[in-house]
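Asker: First, the structure itself, so that you have it in front of you.
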Amino acid sequence: MLPVAIDAMGGDVAPAPNVAAAHAAVADGIPVVLVGPADLAGRDGPNGTLDLIEASEVIGMHDDPAAGVRKKKDSTLVRAAEAVRDGTACAMISAGNTGATMAAALLRMGRIKGVKRPAIATPIPVPGSTPTVLLDAGANAEVQADWLVQFAQMGSIFAHHRFDIPNPRVGLLSIGEEATKGDSLRKETNELLANTPGINFIGNIEGRDIMTDEVDVCVTDGFTGNVVLKTLEGGMKTVISALLEAFDAPEYKEHADALMPALLPLYTTLSPDTYGGAILLGVDGLCIIAHGSSSADAMRNGIGVARDMVEHDITAEITAAIAATRD
């Protein structure tokens, strides 16, 4: 297996968690290569010195994505994407600027033939069940109906291999379950999805269905998907903070101590670190987009996702699925 290219300088507190994750991945048996400056600290570890692709520039979190990729040709993001394109890495992962990560992957790797637009697929935790794959989570603010059909195809393949779901159920996010509900885009997409072979389409779903075991893949435009994602993140943080505050009260300490063992698995399920980030589907290579505040554990998990998707060769499977529909 070729190494996973890790953007060492991507993220709010880079490079420490990214370098730590690289060492942990090597311990897990996953080959990696860091992409960063020549003097990158921390490369020496118990399993040897980590390989490095030198890059002298960094695209910051507040940089314009397209301009950053265009002007900073020796940036860590661009060099990581080029490593995948050139066959010296099997995948890339970054916790840096999301737009720039997507732009670097798209401009350097290119799109899979026939894919109209790439989409960001994000796992949404579902307590007691497998996560729901939400896409698009922010790559395309405006979409067309046939793009959403492709999102459903790509999301189904990802959900099948990522979470071992035999025949993922696909739902179209709308304002009502009936096929007649929603705007013209949703109505047109509903009809197309219902008549596209190979998609296990269960019809429209509503926002309240996303964190249930009723659906495996939720398809929507990137504007709506990103609002849904951030709303759910904020809601879960608020609930967790309220619980922790209540547990800190002296009068509830005994009860909190008794409940904590039962709640810790739930905390793990709801934590974004568990899933290692999102995946950019539709580009001709593997690109994992981690959260800007990703810890070493989150990055380690994201590297593991990259390894798993390489082993399942989902890029080739998506290519075949799109070609079959196009033909």
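Ligands are numbered from 1 in the order shown, residues from 1 within each chain, and chains are lettered A, B, ... in the order they appear in the structure tokens.
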Got a sec: who's within 7 Å of stretch 123-131 of chain A, counting only C-alpha atoms, leaving out chain neighbours fewer than 3 positions off, as a PyMOL selection string?

Answerer: chain A and resi 134+163+211-213+266+269-270+278

Asker: With DSSP run on the backbone, what are the strand (DSSP E) residues within stretch 147-270 of chain A? I'd like them as a PyMOL selection string.

Answerer: chain A and resi 169-173+200-205+217-219

Asker: Please produce an output containing C-alpha atoms for each residue in the selection, written as a PDB file, in the first residue's frame.

Answerer:
```pdb
ATOM      1  CA  ARG A 169     -31.215   3.365   2.190  1.00  0.00           C
ATOM      2  CA  VAL A 170     -31.129   6.759   0.494  1.00  0.00           C
ATOM      3  CA  GLY A 171     -33.404   9.601   1.570  1.00  0.00           C
ATOM      4  CA  LEU A 172     -33.867  12.993  -0.084  1.00  0.00           C
ATOM      5  CA  LEU A 173     -33.966  15.809   2.474  1.00  0.00           C
ATOM      6  CA  ASN A 200     -32.210   2.016  -2.687  1.00  0.00           C
ATOM      7  CA  PHE A 201     -34.333   5.164  -2.593  1.00  0.00           C
ATOM      8  CA  ILE A 202     -36.824   5.320   0.281  1.00  0.00           C
ATOM      9  CA  GLY A 203     -38.291   8.723  -0.632  1.00  0.00           C
ATOM     10  CA  ASN A 204     -38.222  12.090   1.049  1.00  0.00           C
ATOM     11  CA  ILE A 205     -37.026  12.432   4.624  1.00  0.00           C
ATOM     12  CA  VAL A 217     -27.639   8.217   3.220  1.00  0.00           C
ATOM     13  CA  CYS A 218     -29.176  11.702   3.281  1.00  0.00           C
ATOM     14  CA  VAL A 219     -28.897  13.645   0.024  1.00  0.00           C
TER      15      VAL A 219
END
```

Asker: As a PyMOL selection string, please: the residues near A:Thr231 (cut-off 12 Å, only C-alpha atoms, same-chain neighbours under 6 positions excluded).

Answerer: chain A and resi 124+137+207-208+224-225+237-238

Asker: For those residues, write N, CA, C and O atoms to a file as a PDB file, in the first residue's frame.

Answerer:
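Saved as again_18.pdb:
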```pdb
ATOM      1  N   ILE A 124     -22.987  11.390  10.151  1.00  0.00           N
ATOM      2  CA  ILE A 124     -23.739  11.985  11.253  1.00  0.00           C
ATOM      3  C   ILE A 124     -24.029  10.874  12.257  1.00  0.00           C
ATOM      4  O   ILE A 124     -24.669   9.871  11.908  1.00  0.00           O
ATOM      5  N   ALA A 137     -22.240  18.198   2.120  1.00  0.00           N
ATOM      6  CA  ALA A 137     -22.110  18.919   3.383  1.00  0.00           C
ATOM      7  C   ALA A 137     -21.432  20.275   3.209  1.00  0.00           C
ATOM      8  O   ALA A 137     -20.974  20.849   4.190  1.00  0.00           O
ATOM      9  N   GLY A 207     -35.631  16.653   8.395  1.00  0.00           N
ATOM     10  CA  GLY A 207     -34.449  16.858   9.214  1.00  0.00           C
ATOM     11  C   GLY A 207     -34.420  16.004  10.462  1.00  0.00           C
ATOM     12  O   GLY A 207     -33.354  15.549  10.896  1.00  0.00           O
ATOM     13  N   ARG A 208     -35.588  15.737  11.041  1.00  0.00           N
ATOM     14  CA  ARG A 208     -35.639  14.949  12.283  1.00  0.00           C
ATOM     15  C   ARG A 208     -35.277  13.485  12.061  1.00  0.00           C
ATOM     16  O   ARG A 208     -35.020  12.740  13.014  1.00  0.00           O
ATOM     17  N   THR A 224     -27.829  23.639   2.183  1.00  0.00           N
ATOM     18  CA  THR A 224     -28.689  23.045   3.208  1.00  0.00           C
ATOM     19  C   THR A 224     -27.918  22.048   4.058  1.00  0.00           C
ATOM     20  O   THR A 224     -28.040  22.022   5.285  1.00  0.00           O
ATOM     21  N   GLY A 225     -27.086  21.231   3.410  1.00  0.00           N
ATOM     22  CA  GLY A 225     -26.334  20.218   4.139  1.00  0.00           C
ATOM     23  C   GLY A 225     -25.390  20.818   5.159  1.00  0.00           C
ATOM     24  O   GLY A 225     -25.255  20.304   6.269  1.00  0.00           O
ATOM     25  N   LYS A 237     -23.295  19.888  21.064  1.00  0.00           N
ATOM     26  CA  LYS A 237     -22.381  20.543  22.012  1.00  0.00           C
ATOM     27  C   LYS A 237     -23.155  21.170  23.169  1.00  0.00           C
ATOM     28  O   LYS A 237     -22.735  21.107  24.324  1.00  0.00           O
ATOM     29  N   THR A 238     -24.306  21.767  22.850  1.00  0.00           N
ATOM     30  CA  THR A 238     -25.110  22.401  23.890  1.00  0.00           C
ATOM     31  C   THR A 238     -25.628  21.375  24.888  1.00  0.00           C
ATOM     32  O   THR A 238     -25.575  21.578  26.108  1.00  0.00           O
TER      33      THR A 238
END
```

Asker: Please identify all polymer residues within 12 Å of A:Met309, counting only C-alpha atoms, omitting same-chain residues fewer than 2 positions from it, and present them as a PyMOL selection string.

Answerer: chain A and resi 1+4+90-92+157-164+279-281+285-288+302-307+311-318

Asker: Give the answer as one residue: which of A:Asn97, A:Ser56, A:Thr189, A:Ser174 has the shortest atom-to-atom distance to A:Gly292, using only C-alpha atoms?

Answerer: A:Asn97

Asker: Residues within 12 Å of A:Val58, please, as an NGL selection string. Count only C-alpha atoms; anything in the same chain fewer than 6 positions from it doesn't count.

Answerer: :A and (7-11 or 14-15 or 35-37 or 65 or 68-69 or 71-80 or 94 or 96-97 or 100-101)

Asker: What parts of stretch 163-252 of chain A does DSSP call helix (DSSP H, G or I)? I'd like the answer as a PyMOL selection string.

Answerer: chain A and resi 163+184-194+207-209+222-248+250-252

Asker: Suppose we keep C-alpha atoms; can you now write the selection as a short mmCIF file (atom, residue, chain, number, x, y, z; two decimals), in the first residue's frame?

Answerer:
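Result went into selection.cif, see below:
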```cif
data_model
loop_
_atom_site.label_atom_id
_atom_site.label_comp_id
_atom_site.auth_asym_id
_atom_site.auth_seq_id
_atom_site.Cartn_x
_atom_site.Cartn_y
_atom_site.Cartn_z
CA PHE A 163 -20.07 1.21 7.69
CA SER A 184 -39.12 22.17 -7.84
CA LEU A 185 -35.58 20.82 -7.37
CA ARG A 186 -36.66 18.34 -4.72
CA LYS A 187 -39.67 17.19 -6.81
CA GLU A 188 -37.55 16.65 -9.91
CA THR A 189 -34.85 14.85 -7.91
CA ASN A 190 -37.40 12.61 -6.20
CA GLU A 191 -38.63 11.37 -9.56
CA LEU A 192 -35.11 10.81 -10.89
CA LEU A 193 -33.99 8.92 -7.78
CA ALA A 194 -37.08 6.71 -7.91
CA GLY A 207 -34.45 16.86 9.21
CA ARG A 208 -35.64 14.95 12.28
CA ASP A 209 -34.95 11.64 10.50
CA GLY A 222 -24.38 21.80 -0.07
CA PHE A 223 -25.97 24.94 1.37
CA THR A 224 -28.69 23.05 3.21
CA GLY A 225 -26.33 20.22 4.14
CA ASN A 226 -23.81 22.54 5.74
CA VAL A 227 -26.53 24.32 7.72
CA VAL A 228 -27.83 20.93 8.91
CA LEU A 229 -24.32 19.81 9.86
CA LYS A 230 -23.48 22.95 11.85
CA THR A 231 -26.92 22.97 13.52
CA LEU A 232 -26.52 19.37 14.67
CA GLU A 233 -22.96 20.06 15.87
CA GLY A 234 -24.14 23.06 17.86
CA GLY A 235 -27.11 21.20 19.31
CA MET A 236 -25.00 18.25 20.44
CA LYS A 237 -22.38 20.54 22.01
CA THR A 238 -25.11 22.40 23.89
CA VAL A 239 -26.65 19.21 25.25
CA ILE A 240 -23.28 17.76 26.27
CA SER A 241 -22.23 21.03 27.95
CA ALA A 242 -25.51 21.18 29.87
CA LEU A 243 -25.09 17.59 31.06
CA LEU A 244 -21.51 18.18 32.18
CA GLU A 245 -22.54 21.34 34.01
CA ALA A 246 -25.28 19.46 35.82
CA PHE A 247 -22.90 16.64 36.70
CA ASP A 248 -20.50 19.15 38.25
CA PRO A 250 -22.19 18.82 44.26
CA GLU A 251 -25.69 17.53 44.93
CA TYR A 252 -25.59 15.37 41.78
#
```

Asker: Env of A:Ala21: 9 Å cut, atoms = only C-alpha atoms, seq-sep filter 6 positions within chain, self excluded. Answer as a VMD selection string.

Answerer: chain A and resid 295 to 301 303

Asker: What separation in Å, quoted to one decimal, exists between atom CA of A:Asp183 and atom CA of A:Leu135?

Answerer: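 According to the coordinates, atom CA of A:Asp183 and atom CA of A:Leu135 are separated by 18.3 Å.
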
Asker: Using only C-alpha atoms, which of the listed residues (A:Ala104, A:Leu148, A:Ala139, A:Val283) sits closest to A:Ala119?

Answerer: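 Using only C-alpha atoms, A:Ala119 sits closest to A:Ala139.
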
Asker: Tell me which protein, DNA and RNA residues are within 8 Å of A:Gln150, counting only C-alpha atoms, leaving out same-chain ones fewer than 2 positions away, and put them as a ChimeraX atom specification.

Answerer: /A:115-116,146-148,152-154,322

Asker: When you count only C-alpha atoms, which of these residues is closest to A:Thr325: A:Ala20, A:Ile289, A:Ala66, A:Val149?

Answerer: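 Ranking A:Ala20, A:Ile289, A:Ala66, A:Val149 by distance to A:Thr325, first place goes to A:Val149.
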
Asker: Calculated over only C-alpha atoms, which of the candidates A:Ala95, A:Ala81, A:Leu259, A:Leu52 has the smallest distance to A:His291?

Answerer: A:Ala95

Asker: Can you tell me how far atom CA of A:Pro197 sits from atom CA of A:Glu178, in Å to one decimal?

Answerer: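 A separation of 20.9 Å between them.
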